[in-house]
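So the structure is just underneath, and the comments pick up after that.
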Amino acid sequence: MAMNSVIGKPLPMIESRAKVTGLGKYADDLSVPGMLIGRILHSPHAHAVIRSIDTSRAEALPGVKAVATGRDAPHPYGILPIGHDECVFTVDKARYIGDNIAAVAATSAAIAEQALDLIHVDYELLPAFFDPLESMQSAEHWLHPTKPNNIEKEYHHLFGSVDEGFAQAAFVLEQRFFAGEVTHAAMEPHATLAIWEPDGRLTVHSSTQVPYYLHRTLSEVLEMPMSQIRVIKPLIGGGFGGKSEIIPLEVAASVLAKMAKRPVKITYTREEVFLAHRGRPITIVDMKVGLTEEGKISAVAARVVQDGGAYCGYGPVTVLYSGALLGALYDIPNVRYDGFRVLTNKPACGAMRGHGTVNVRFAFESVLDDLARDAGIDPAEVRRRNLLKAPCITVNGLRVTSYGLPECIEKVVERSGWKEKQGKLPYGKGIGIACSHYVSGAANPIIRSNIPHTTVHIKIDRDAGVTVYTGASEIGQGSDTMHVQIVAEILGVRPERIRLIAADTELTPIDLGSYSSRVTFMAGNACLEAARNMRAQILEGVAAKYKLGTAMLDMRDEQVISLDDSRLRLTFDEAVAAALEFRGALVAKGTYAPPEESRGGKHKGAGVGPSPSYSYSAQTVEVSVDTDTGQIRVEKIIAAHDCGRALNPLTVEGQVEGSVYMGLGQALQEEMVWDNGRLMNPSLLEYKIATTLETPEIESIIVESIDPEGPFGAKEAGEGSLAATIPAVANAIYDAVGVRINSLPITPEKILAALREKGKQQRGGKSGSNGGAR
Amino acid sequence: MSMPAFRLERPRSVAGAVSILAAHGPDAMILAGGTDVVPNLQMKLFSPRVLVDIKSLAKVCRLSAIEWSPGNGLRIGALSTLTAVCESLLIQEKFPVLARAVATIAGPLQRNMGTLGGNLCLETRCHWYNQSEFWRKSLGGCLKLQVSDALAGKEGPVCHVAPGGRRCWAAWSGDAAPALLTLDAEIEIAGPAGLRRVALAQFYRNDGMDRIALGRDELLTAVRVPPRMAGRRGNYRKLRVRNSIDYPLAGVAVSMDVDPRGVCRDARLALTAVNPAPLLVKEVGEWLIGQTASPELIERVAQQAIRTAKPLTTSGSTPVYRRDMVRVFTRRALEEAWRETAGAPV
């Protein structure tokens with residue numbers, strides 16, 4: 001087979017020119033004649049019965065074209081079939097400060113805002129719950145009457161024999177960890193333009209990662225057949241999970257457009273983005289790990305409580321991932337997991353990059369580091385001693401097909417100078433290591449069905465342009481470019497020949513969406529199948545016309561050539577013309593559904609965690625700690641990521657760097673700060689995502705384990721590197737100053753408090769394995 | 001969110017600006033670089049009926065000039081951009097504390113727009129106040145910004161930082177002022193009666209609600225630093241989460257005159273972001289005069305700085321930590337100033 005011409009090459013993303021020149025159109029850039037501006041009224045109370053709403057004064061305001069409340073869209077919805085617990089405008093009561101009460105469409109933003117002030121809502125205040133541990137003890141005033149004690153879901157899993165496992169352990173450590181709440185902070189605030197068409201159809205342009213789920217939900221809420229609704233995803237300025245379920249403004253704009261029979265655009269303020277949230281929950285993890293004398297993990301017991309906020313959202317999936325992905329990174333024979341998703345009167349949490357795995361990984365990798373010290377084993381070595389032997393199926397039913405973790409660890413140990421540094425740097429400087437992994441898409445769809453998860457069409461007609469139709473959503477991760485590369489490779493054409501039409505429900509076949517890092521693996525496989533199908537059609541046409549066999553024909557460099565007859569050399573256009581003679585316009589299709597063997601076990605909750613393939617990451621982090629101020633300076637991060645095969649090393653590196661960047665933010669400075677259910681920092685000035693100036697040098701190393709089922713061997717690259725960063729930072733801090741910080745973010749103040757607690761440690765002396773702050 | 005409606009006035013002279021301000025009193029507000037005013041307008045922290053845009057005065061009235069003479073010292077027009085101030089070689093060489101402090105204000109985009117006068121007149125900040133109208137209404141308002149809505153509690157406006165108190169503790173969050181305080185700066189203020197000069201230290205009221213002694217019909221036009229302060233070594237230490245863009249959570253400015261033997265001839269120390277005003281730390285000048293550096297002396301000064309700092313829960317960082325850092329930063333700023341003087345001049 002010929003050398004790859006496009007696959008594995010650092011191709012700049014096809015939409016990047018539009019983005020960097022400012023010509024690209026995001027949802028808020030769209031504008032159509034007659035467009036109204038929508039604004040949403042939010043609850044000022046954390047928990048309150050809505051006795052009545054009077055919209056008459058708002059409706060009477062000149063310029064107001066529609067006012068919607070819960071009565072106008074009473075269908076509950078939610079991303080999970082088991083979690084249809086929210087309405088676009090809450091009907092019975094408000095459940096958090098910011099809950100959606102009503103919305104107005106008017107001829108200007110100022111009029112719409114003025115109208116919001118004229119809506120009178122009569123509230124009856126209820127006691128509210130802000131602390132998950134208190135909330136799950138509550139006897140009354142539950143957020144949802146169907147959820148006793150404010151527990152959304154709880155799962156209890158036992159694999160192997162945990163008690164026996166701990167009995168075999170020479171070292172057992174149990175620690176409580178706390179992770180503050182973080183949010184996606186995508187650069188683009190959510191925006192939706194809903195257009196009521198003259199023929200009674202609805203077209204919705206929205207900043208979504210999941211056009212298909214939005215399409216379904218709009219159909220249910222608006223009581224319109226899906227065939228009458230079109231959802232289009234324009235350019236997206238970052239998703240990270242924050243646009244991976246139905247966001248209230250999407251439904252609100254659509255309801256208002258239907259009422260006003262006019263186009264309606266709503267763009268969230270940054271504060272509304274924070275209140276829509278769906279980020280990573282406050283998580284309390286009790287992590288117990290046992291290690292044998294030889295450094296083998298003998299048992300893990302984890303109890304996880306997640307503060308999910310007021311609605312279900314992805315909650316049960318989050319808490320299941322937290323348990324399921326205790327497996328598939330290391331070889332762990334015995335696992336107990338108790339997970340609780342708790343409701344509180346705060347904005348709903350949801351999926352965020354590294355969904356469900358990140359906070360538990362922080363806990364696990366921290367405890368493992370401490371255990372390694374107790375056992376006198378190098379922290380990198382302890383991880384090596386617990387590797388899986390792939391291919392394998394883990395104790396909790398996860399099928400691992402390719403496993404580049406050993407090489408990831410090797411690479412970062414070598415590049416970082418680990419052996420010369422770990423435990424040997426002067427006081428105040430340290431190095432830490434940690435590992436993580438992630439799914440390449442969920443093997444089981446959110447809405448159970450046997451329909452393939454994704455379909456790709458390709459069309460070629462007389463212009464010999466190749467048009468690829470995919471439902472997959474480019475959200476900055478490289479989805480569009482990935483399709484182009486695969487088709488260009490298989491058809492042997494330049495990427496410029498390929499036109500991509502993506503994420504438009506009227507034109508493109510369905511893809512489930514850009515979440516759980518599924519697109520390269522799943523849409524990539526569908527695209528590969530479609531391209532091979534198209535290739536076969538073209539070659540059949542050429543073979544028929546020139547009376548050849550197809551076996552010796554090849555497509556490369558914009559040509560079709562015969563490997564055994566050098567006289568046959570057709571341009572791509574000529575080859576297409578030949579095929580058109582037999583078939584007319586060429587159409588090809590490819591689909592993907594995860595194989596049955598990848599779909600996991602049978603226990604309750606077994607559906608979440610299984611994936612056709614897993615990515616792996618190992619990282620080293622070097623820090624300096626200022627022991628007077630507690631300030632931490634991350635000097636360098638080396639991240640090795642096993643993505644199966646880098647279809648595009650440029651985008652893989654970008655994804656790894658982005659993951660590390662977000663992990664670092666959660667490790668050191670990002671946190672949503674709450675005061676009685678009120679978000680104290682709903683702005684990018686006070687919610688401290690790092691700028692490039694605070695971001696250290698990140699060296700990404702690509703490891704290619706060539707997955708047997710991934711397209712060209714590829715698997716996940718966009719999320720798996722996030723989780724390792726956080727414990728690697730915590731472990732580096734331990735190496736630097738001998739204190740173990742169990743709470744995120746690791747602020748200077750927490751460092752100082754821990755150092756003070758540790759007490760009499762002399763400057764210049766390096767802490768031993770029994771550093772006092774544990 | 002949309003901004004409240006206002007009329008934009010563009011006076012062509014300082015006198016014109018003053019007369020517009022005088023005519024509209026509390027309904028008017030000055031707009032210079034806009035980096036503080038515009039976001040605050042969007043949050044509806046105030047709703048002036050008239051915005052008096054004075055940017056056009058920069059050229060006509062020497063309001064953006066940076067001038068030095070050995071007799072009169074330094075004069076910086078109030079409309080000088082923060083970039084112009086921190087990139088001025090003159091200021092870097094003769095008044096390093098000012099150049100260093102100004103270089104830490106926000107990010108380069110804001111420094112290109114923001115003015116020195118604006119930074120000296122910055123609105124005080126508090127995380128119970130610098131929030132959207134929706135947010136403040138849901139809270140029921142605060143002492144600094146009451147809401148007329150029925151949402152306000154029965155007991156009337158409440159300070160959420162010091163409940164029960166009648167004083168606003170919103171923090172002074174400028175970086176230029178502490179530096180200029182250590183240089184004994186004066187400011188020029190134009191009003192209906194002409195120009196007046198006032199010591200910068202007298203300009204700040206240490207009241208979160210009524211931060212500066214500037215009449216509603218007055219305009220800050222220039223900053224002056226006396227010639228005797230030229231050549232002083234100095235530096236500025238600023239606590240914040242992101243060194244790229246954030247407001248200070250605490251700040252320490254030091255200016256020192258030290259003889260070649262390392263004996264302090266004169267010194268000033270000022271703090272920011274830990275009170276409703278930038279404040280000079282009292283008495284430490286006298287303690288330092290005639291002394292060489294010693295850990296005991298530096299620690300004594302740092303303790304005095306802590307006594308001056310009264311941070312409250314106006315931001316995401318805790319008062320305890322901010323006070324701690326006032327001590328650490330004071331120590332480091334003094335040590336650095338002493339070190340620089342002892343070695344080659346910067």
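Residue numbering restarts at 1 for every chain of the structure tokens, chains are lettered A, B, ... in their displayed order, and ligands are numbered from 1 as they appear.
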
Leaving out stretch 231-241 of chain B and any residue of its chain fewer than 2 positions from it, which residues lie within 9 Å of it when counting only C-alpha atoms, given as a VMD selection string? (chain A and resid 669 688) or (chain B and resid 93 to 101 104 175 178 to 179 182 to 183 228 to 229 243 to 258 267 272 317 322 325 to 326 329 to 330 332 to 334 336 to 338 340 to 341 345 to 346)

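On the backbone of this structure, DSSP gives alpha helix (DSSP H) within stretch 454-493 of chain A to Ser479, Asp480, Thr481, Met482, His483, Val484, Gln485, Ile486, Val487, Ala488, Glu489, Ile490 and Leu491 of chain A.
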
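What chain B places within 8 Å of chain A, counting only C-alpha atoms, is Met1, Ser2, His127, Trp128, Phe134, Trp135, Lys137, Ser138, Leu139, Val241, Arg242, Asn243, Ser244, Asp246, Gly316, Tyr321, Met325 and Val328 of chain B.
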
Quick one: residues within 7 Å of A:Ile79, only C-alpha atoms, excluding same-chain residues fewer than 4 positions away - as a PDB file with N, CA and C atoms, in the first residue's frame?
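part.pdb was written with the following content:
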ATOM      1  N   GLY A  83     -34.085  11.242  32.778  1.00  0.00           N
ATOM      2  CA  GLY A  83     -33.945  12.516  33.493  1.00  0.00           C
ATOM      3  C   GLY A  83     -34.709  13.663  32.863  1.00  0.00           C
ATOM      4  N   GLU A 245     -25.648  19.352  25.968  1.00  0.00           N
ATOM      5  CA  GLU A 245     -27.044  18.996  26.187  1.00  0.00           C
ATOM      6  C   GLU A 245     -27.900  20.192  25.815  1.00  0.00           C
ATOM      7  N   ILE A 246     -29.198  20.039  25.959  1.00  0.00           N
ATOM      8  CA  ILE A 246     -30.082  21.120  25.525  1.00  0.00           C
ATOM      9  C   ILE A 246     -29.973  22.260  26.529  1.00  0.00           C
ATOM     10  N   GLY A 313     -29.792  16.493  34.200  1.00  0.00           N
ATOM     11  CA  GLY A 313     -28.792  16.622  33.145  1.00  0.00           C
ATOM     12  C   GLY A 313     -28.117  15.283  32.872  1.00  0.00           C
ATOM     13  N   TYR A 314     -26.807  15.320  32.721  1.00  0.00           N
ATOM     14  CA  TYR A 314     -26.022  14.107  32.504  1.00  0.00           C
ATOM     15  C   TYR A 314     -25.674  13.408  33.823  1.00  0.00           C
TER      16      TYR A 314
END

All residues 10 Å or closer to B:Thr314, only C-alpha atoms, same chain fewer than 4 positions away omitted, as a count of residues only: 18

For A:Lys153, list every protein, DNA or RNA residue within 9 Å, evaluated using only C-alpha atoms, and leave out those in the same chain fewer than 5 positions away; present the list as JSON, numbers by chain. {"A": [147, 315, 316, 319, 339, 340, 341, 342]}

Can those selected residues be exported to a file as a JSON list (two decimals), in the first residue's frame so that it contains C-alpha atoms?
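See out.json below for the written result:
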[["chain", "number", "residue", "atom", "x", "y", "z"],
["A", 147, "LYS", "CA", -36.29, 12.14, 44.22],
["A", 315, "GLY", "CA", -25.75, 13.48, 36.26],
["A", 316, "PRO", "CA", -26.24, 9.70, 36.41],
["A", 319, "VAL", "CA", -21.42, 9.49, 38.58],
["A", 339, "GLY", "CA", -21.59, 6.81, 43.92],
["A", 340, "PHE", "CA", -24.21, 9.38, 44.84],
["A", 341, "ARG", "CA", -25.55, 12.12, 42.62],
["A", 342, "VAL", "CA", -27.19, 14.69, 44.85]]

Long-range neighbours of stretch 22-31 of chain B as a ChimeraX atom specification, 10 Å cut-off, only C-alpha atoms, 5 positions minimum in chain: /B:6-10,16-17,36-38,46-55,118,191-192,215-219

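Taking atom CA of A:Thr695 and atom CA of A:Gly417 as endpoints, the distance between them is 21.2 Å.
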
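Minimum atom-to-atom distance to B:Thr81, evaluated using only C-alpha atoms, belongs to B:Pro108 out of B:Pro108, B:Gly156, B:Pro311, B:Gly262.
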
10 Å contact set for A:Gly376, only C-alpha atoms, chain neighbours under 3 positions out, as a ChimeraX atom specification: /A:293,295,370-373,379,382,769

As a check of understanding: the span from atom CA of A:Ala736 to atom CA of A:Val621 is 11.2 Å

Per-residue DSSP, stretch 123-332 of chain B, filtered to strand (DSSP E or B), as a ChimeraX atom specification: /B:125,171,186-191,194-199,204,212,219-225,233-239,250-258,264-272,279-280

Pick from A:Leu214, A:Leu118, A:Val6, A:Ile14: nearest to A:Gly78, with only C-alpha atoms counted? A:Leu214
